[in-house]
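A quick write-up on the structure given underneath.
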Amino acid sequence: MNRPRTLVWFRADLRVGDNTALVHACRRAGGRAGAGVVAAFLISPGEWKTHDYAAARIDLMLRSLVDLSGSLARLSIPLVIETAPDAVDIPAILTKLAAKHHCAELHFNREHELNESRRDEAVLAAFRIAGLQAFAHTDQVCFEPGTIRTGEGRYFTIYSPFKRACFKQWESIGGTPSIAAPPAQAELPIKASPIPQSIAGWKSSVPPDRWPAGESVAHDRLKSFSLKSILEYKDRRDMPGIDGTSQLSPYLTVGSISHRQCIEAAIEANRAANPKLKGNPLEAGSPGPVHWISEVFWREFYIHVMVGFPRVCMHRAFQPATEAIRWNENPKHLEAWKAGRTGVPIVDAGMRQLLRDGWMHNRVRMIVAMYFTKDLFLNWRTGEKWFMRNLVDGFLASNNGGWQWSASTGTDAAPYFRIFNTYSQSEKFDPEGTYIREYVPELRDIEGPAIHDPSQLPGLLRTRLDYPEPLVDRVKAREHAIQTFKALR
Ligand SMILES: Cc1cc2nc3c(=O)[nH]c(=O)nc-3n(C[C@H](O)[C@H](O)[C@H](O)COP(=O)(O)OP(=O)(O)OC[C@H]3O[C@@H](n4cnc5c(N)ncnc54)[C@H](O)[C@@H]3O)c2cc1C
């Protein structure tokens, strides 16, 4: 059978710029007579359900696919959509697709989660068995997990030395430059599939204009952030009441933009602010870009951790000793937390931002997760799942990393005795209560510091608020958490 074409399978990399698999598929097709490139995307409801994908994330993904299909059409690459009821169906669907469209080989970018890696291994094996070639490319990270190790050859479990090793490697190989979109390919007599507007079982309540979709939207956001806000990032990143962070995480999650493109933009901003910059631009120069680059590398760190310690993909604690903890089971507290009715304004604001926007500011993610695991002493796995089911940027490596950090069960975790005081966090990072007032309208008219703790208001004022009393006594809860962790030692 003459199979001159190549197939490229898109997943969490919905872009044509800096897409390693796409570029390789085009290069390989380029040399063959009558060749061309066919793109595929699989709607995979079983897999998405198992992984708790949020409706907001699916919605952003579908809208990003419309944008991707248009960009691919301009390169004469048709995007065909198939449905794979479950992950086990994927190898057969892809080999059939390759046969149907006369494709000799398949290219895709590696995903590093355990189930996804197993699925990809099954796809590679199915192609081998069918006598076809398949190539998995490293794209989601700067460095293949396993290539950045400690002096003893182990995976890093602490962020700072991991980052230093990455930066050193980056410098020694002259950076990890992004790659341009490929040129237009040979025209094919294949029609692109229509993109569904929604998928049964996922109805997003987040308005689509909160997260407009597409590669150019993501680039515009990166551009405007790196022109100005990035220089003030270090000072403003922890203040949820101001727009001090990039809000690029949803676009990194669906892959409308790559982390390399983000790093490049930050380096450019760093050089523009420091024309005589000497040394490694990832760590020397202006504090804003340098700090932002460091945050972007947290994502890389957690991906490496997930590969090095796959138990974190299986709902297990990174620190095995903490598996012995008996977390509280309290459905009333859990529901109050989910609904943003805990009586702690900064926590409630965060939880309501999550429901309204499908997103939450990083500082507040830490506060609500620490409140959940230390004040309410609920199981971090339940909080992790709720986040995943609601976040437009839900990403296993970062979500698990963030939750296990907050629960003091993870790598480089918050020491168990250093428990955030939610009220002082609120006073420090939302001093005027701007963020609280935005998301907890019933507290809008409270004046002064009581915005952080309305339970301190006189009784009559309090009853008029229709706002709950705090669920737990903070001091006792803190003591209980510390004693429980101490007993594990
Ligand atoms: C409990 C908890 C759960 C989290 N769940 C997720 C998640 O599901 N998906 C997700 O992308 N991030 C998650 N994070 C990390 C972080 O909160 C978000 O990446 C960040 O808030 C996104 O906003 P931004 O794009 O404006 O970030 P910026 O501050 O502009 O940072 C730029 C990028 O760097 C990366 N980044 C920044 N901080 C972190 C971090 N601490 N860990 C990993 N990557 C980081 C993100 O990709 C982010 O988009 C979680 C953090 C915590 C504490």
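Within each chain, counting starts at residue 1; across the structure tokens, chains are named A, B, ... in the order shown, with ligands numbered 1 upward in that order.
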Using only C-alpha atoms and all ligand atoms, which residues have at least one atom no more than 8 Å from ligand 1? Output them as a PyMOL selection string. chain A and resi 233+237+244-253+259+292-302+359-369+384+387-388+391+393-406
Closest contacts (range 212-264 of chain A/range 3-26 of chain A, max 7 Å, only C-alpha atoms) as a Markdown table:
| residue | atom | partner | partner_atom | distance |
| --- | --- | --- | --- | --- |
| A:Glu215 | CA | A:Arg15 | CA | 6.0 |
| A:Thr253 | CA | A:Ala12 | CA | 6.6 |
| A:Val254 | CA | A:Ala12 | CA | 4.8 |
| A:Gly255 | CA | A:Asp13 | CA | 3.9 |
| A:Ser256 | CA | A:Arg15 | CA | 5.0 |
| A:Ile257 | CA | A:Arg15 | CA | 6.7 |
| A:Ser258 | CA | A:Asp18 | CA | 6.9 |
Contacts between range 279-287 of chain A and range 138-167 of chain A, please, where a residue of range 138-167 of chain A counts if it comes within 12 Å (with only C-alpha atoms); show its shortest atom pair and distance in Å to one decimal, rows by chain and ascending number, as JSON lines.
{"residue": "A:Lys163", "atom": "CA", "partner": "A:Glu283", "partner_atom": "CA", "distance": 10.0}
{"residue": "A:Arg164", "atom": "CA", "partner": "A:Glu283", "partner_atom": "CA", "distance": 9.2}
{"residue": "A:Cys166", "atom": "CA", "partner": "A:Leu282", "partner_atom": "CA", "distance": 10.0}
{"residue": "A:Phe167", "atom": "CA", "partner": "A:Leu282", "partner_atom": "CA", "distance": 6.9}
Would you export the selected residues with C-alpha atoms as a PDB file, in the first residue's frame, please?
ATOM      1  CA  LYS A 163      15.889  25.116  38.937  1.00  0.00           C
ATOM      2  CA  ARG A 164      19.628  25.771  39.225  1.00  0.00           C
ATOM      3  CA  CYS A 166      17.862  23.428  34.625  1.00  0.00           C
ATOM      4  CA  PHE A 167      19.323  26.908  34.224  1.00  0.00           C
TER       5      PHE A 167
END
Would you mind listing what lies within 9 Å of Val472 in chain A as an mmCIF file with C-alpha atoms, in the first residue's frame, with only C-alpha atoms counted and same-chain residues fewer than 2 positions away left out?
data_model
loop_
_atom_site.group_PDB
_atom_site.id
_atom_site.type_symbol
_atom_site.label_atom_id
_atom_site.label_comp_id
_atom_site.auth_asym_id
_atom_site.auth_seq_id
_atom_site.Cartn_x
_atom_site.Cartn_y
_atom_site.Cartn_z
ATOM 1 C CA THR A 342 -16.861 28.927 55.285
ATOM 2 C CA ASP A 375 -7.929 24.193 59.484
ATOM 3 C CA LEU A 376 -10.653 21.798 58.306
ATOM 4 C CA GLU A 469 -19.783 32.207 61.246
ATOM 5 C CA PRO A 470 -16.339 30.540 60.863
ATOM 6 C CA ARG A 474 -8.536 28.334 64.122
ATOM 7 C CA VAL A 475 -6.238 27.979 67.116
ATOM 8 C CA LYS A 476 -7.559 24.537 68.084
ATOM 9 C CA ALA A 477 -7.541 23.378 64.459
#
Shell around Lys338 in chain A at 12 Å using only C-alpha atoms, local window under 5 positions removed, as a ChimeraX atom specification: /A:331-333,347-355,368-369,372,382-387,389-390
Could you dump the residues just selected with C-alpha atoms as a CSV table (one decimal), in the first residue's frame?
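Saved the output as selection_31.csv:
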chain,number,residue,atom,x,y,z
A,331,PRO,CA,-19.6,16.7,54.6
A,332,LYS,CA,-20.9,19.9,56.0
A,333,HIS,CA,-17.5,21.5,56.1
A,347,VAL,CA,-11.3,31.6,51.5
A,348,ASP,CA,-14.8,32.2,50.3
A,349,ALA,CA,-13.7,34.8,47.8
A,350,GLY,CA,-11.3,32.3,46.3
A,351,MET,CA,-13.8,29.4,46.1
A,352,ARG,CA,-16.3,31.7,44.5
A,353,GLN,CA,-13.7,33.0,42.0
A,354,LEU,CA,-13.2,29.3,41.1
A,355,LEU,CA,-16.9,28.8,40.5
A,368,VAL,CA,-7.8,27.8,50.4
A,369,ALA,CA,-5.8,24.6,50.1
A,372,PHE,CA,-8.8,22.9,53.7
A,382,THR,CA,-10.8,15.6,47.8
A,383,GLY,CA,-9.7,19.2,47.4
A,384,GLU,CA,-7.4,18.3,44.5
A,385,LYS,CA,-10.4,16.6,42.8
A,386,TRP,CA,-12.7,19.6,43.3
A,387,PHE,CA,-10.1,21.9,41.8
A,389,ARG,CA,-13.3,19.5,38.2
A,390,ASN,CA,-13.6,23.3,38.2
Residues flagged strand (DSSP E) by DSSP in range 1-167 of chain A, as number ranges by chain: A: 5-10, 37-43, 79-83, 103-109, 133-137
DSSP on the backbone: which residues in range 395-487 of chain A end up as helix (DSSP H, G or I)? Give the answer as a VMD selection string. chain A and resid 396 to 406 422 to 429 434 to 439 441 to 443 448 to 452 454 to 456 459 to 464 474 to 486
Within 9 Å of range 189-205 of chain A, which residues of range 294-401 of chain A show up? Give each one with its shortest atom-to-atom distance in Å (one decimal) and the two atoms involved, counting only C-alpha atoms, rows by chain then rising residue number, as CSV.
residue,atom,partner,partner_atom,distance
A:Leu355,CA,A:Ser205,CA,8.2
A:Arg356,CA,A:Ser205,CA,7.5
A:Asp357,CA,A:Ser205,CA,8.6
A:Gly358,CA,A:Ser205,CA,8.7
Out of A:Ile148, A:Ala266, A:Met239, A:Leu124, which residue has the shortest atom-to-atom distance to Glu432 in chain A when counting only C-alpha atoms?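 Of A:Ile148, A:Ala266, A:Met239, A:Leu124, the one nearest Glu432 in chain A is A:Met239, counting only C-alpha atoms.
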Spatial neighbours of Gln456 in chain A, 12 Å, only C-alpha atoms, chain gap at least 6 places, as an NGL selection string: :A and (343-344 or 423 or 446 or 448-450 or 462-463 or 469-470)
Applying 10 Å and only C-alpha atoms, which residues near His304 in chain A remain after dropping the ones on its own chain fewer than 2 positions away? List them as number ranges by chain. A: 112, 141, 143-149, 155-157, 162, 298-302, 306-310, 397
Could you write out the selected residues, including C-alpha atoms, as a short mmCIF file (atom, residue, chain, number, x, y, z; two decimals), in the first residue's frame?
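File selection07.cif, as written:
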data_model
loop_
_atom_site.label_atom_id
_atom_site.label_comp_id
_atom_site.auth_asym_id
_atom_site.auth_seq_id
_atom_site.Cartn_x
_atom_site.Cartn_y
_atom_site.Cartn_z
CA HIS A 112 3.83 12.78 30.98
CA VAL A 141 9.06 20.53 28.94
CA PHE A 143 14.24 19.03 29.37
CA GLU A 144 13.11 15.43 29.06
CA PRO A 145 12.16 14.19 32.56
CA GLY A 146 15.00 12.02 33.81
CA THR A 147 17.71 14.14 32.22
CA ILE A 148 17.90 16.63 35.11
CA ARG A 149 19.19 14.76 38.15
CA TYR A 155 15.26 13.02 40.55
CA PHE A 156 15.20 16.35 42.36
CA THR A 157 12.61 16.71 45.10
CA PHE A 162 16.25 21.62 40.36
CA TRP A 298 7.65 25.24 38.69
CA ARG A 299 5.47 23.67 36.03
CA GLU A 300 8.53 21.88 34.62
CA PHE A 301 9.54 20.78 38.14
CA TYR A 302 6.18 19.20 38.89
CA MET A 306 5.36 13.19 38.33
CA VAL A 307 7.57 11.10 36.06
CA GLY A 308 10.16 10.35 38.75
CA PHE A 309 7.54 9.48 41.36
CA PRO A 310 4.51 8.15 39.46
CA ALA A 397 1.25 17.83 37.73
#
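Between CA of Asn421 in chain A and CA of Gln483 in chain A there is a distance of 16.9 Å.
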What gap, in Å, lies between CA of Phe429 in chain A and CA of Asp235 in chain A?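 Computed distance, CA of Phe429 in chain A to CA of Asp235 in chain A, equals 10.9 Å.
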Point-to-point distance in Å for CA of Glu47 in chain A and CA of Pro85 in chain A: 7.8 Å
Pick from A:Arg444, A:His102, A:Arg381, A:Lys374, whichever lies nearest to Thr422 in chain A using only C-alpha atoms: A:Lys374
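Compared by their closest atoms to Gly36 in chain A, and using only C-alpha atoms, the residues A:Met61, A:Ala184, A:Arg311, A:Ile129 rank with A:Ala184 nearest.
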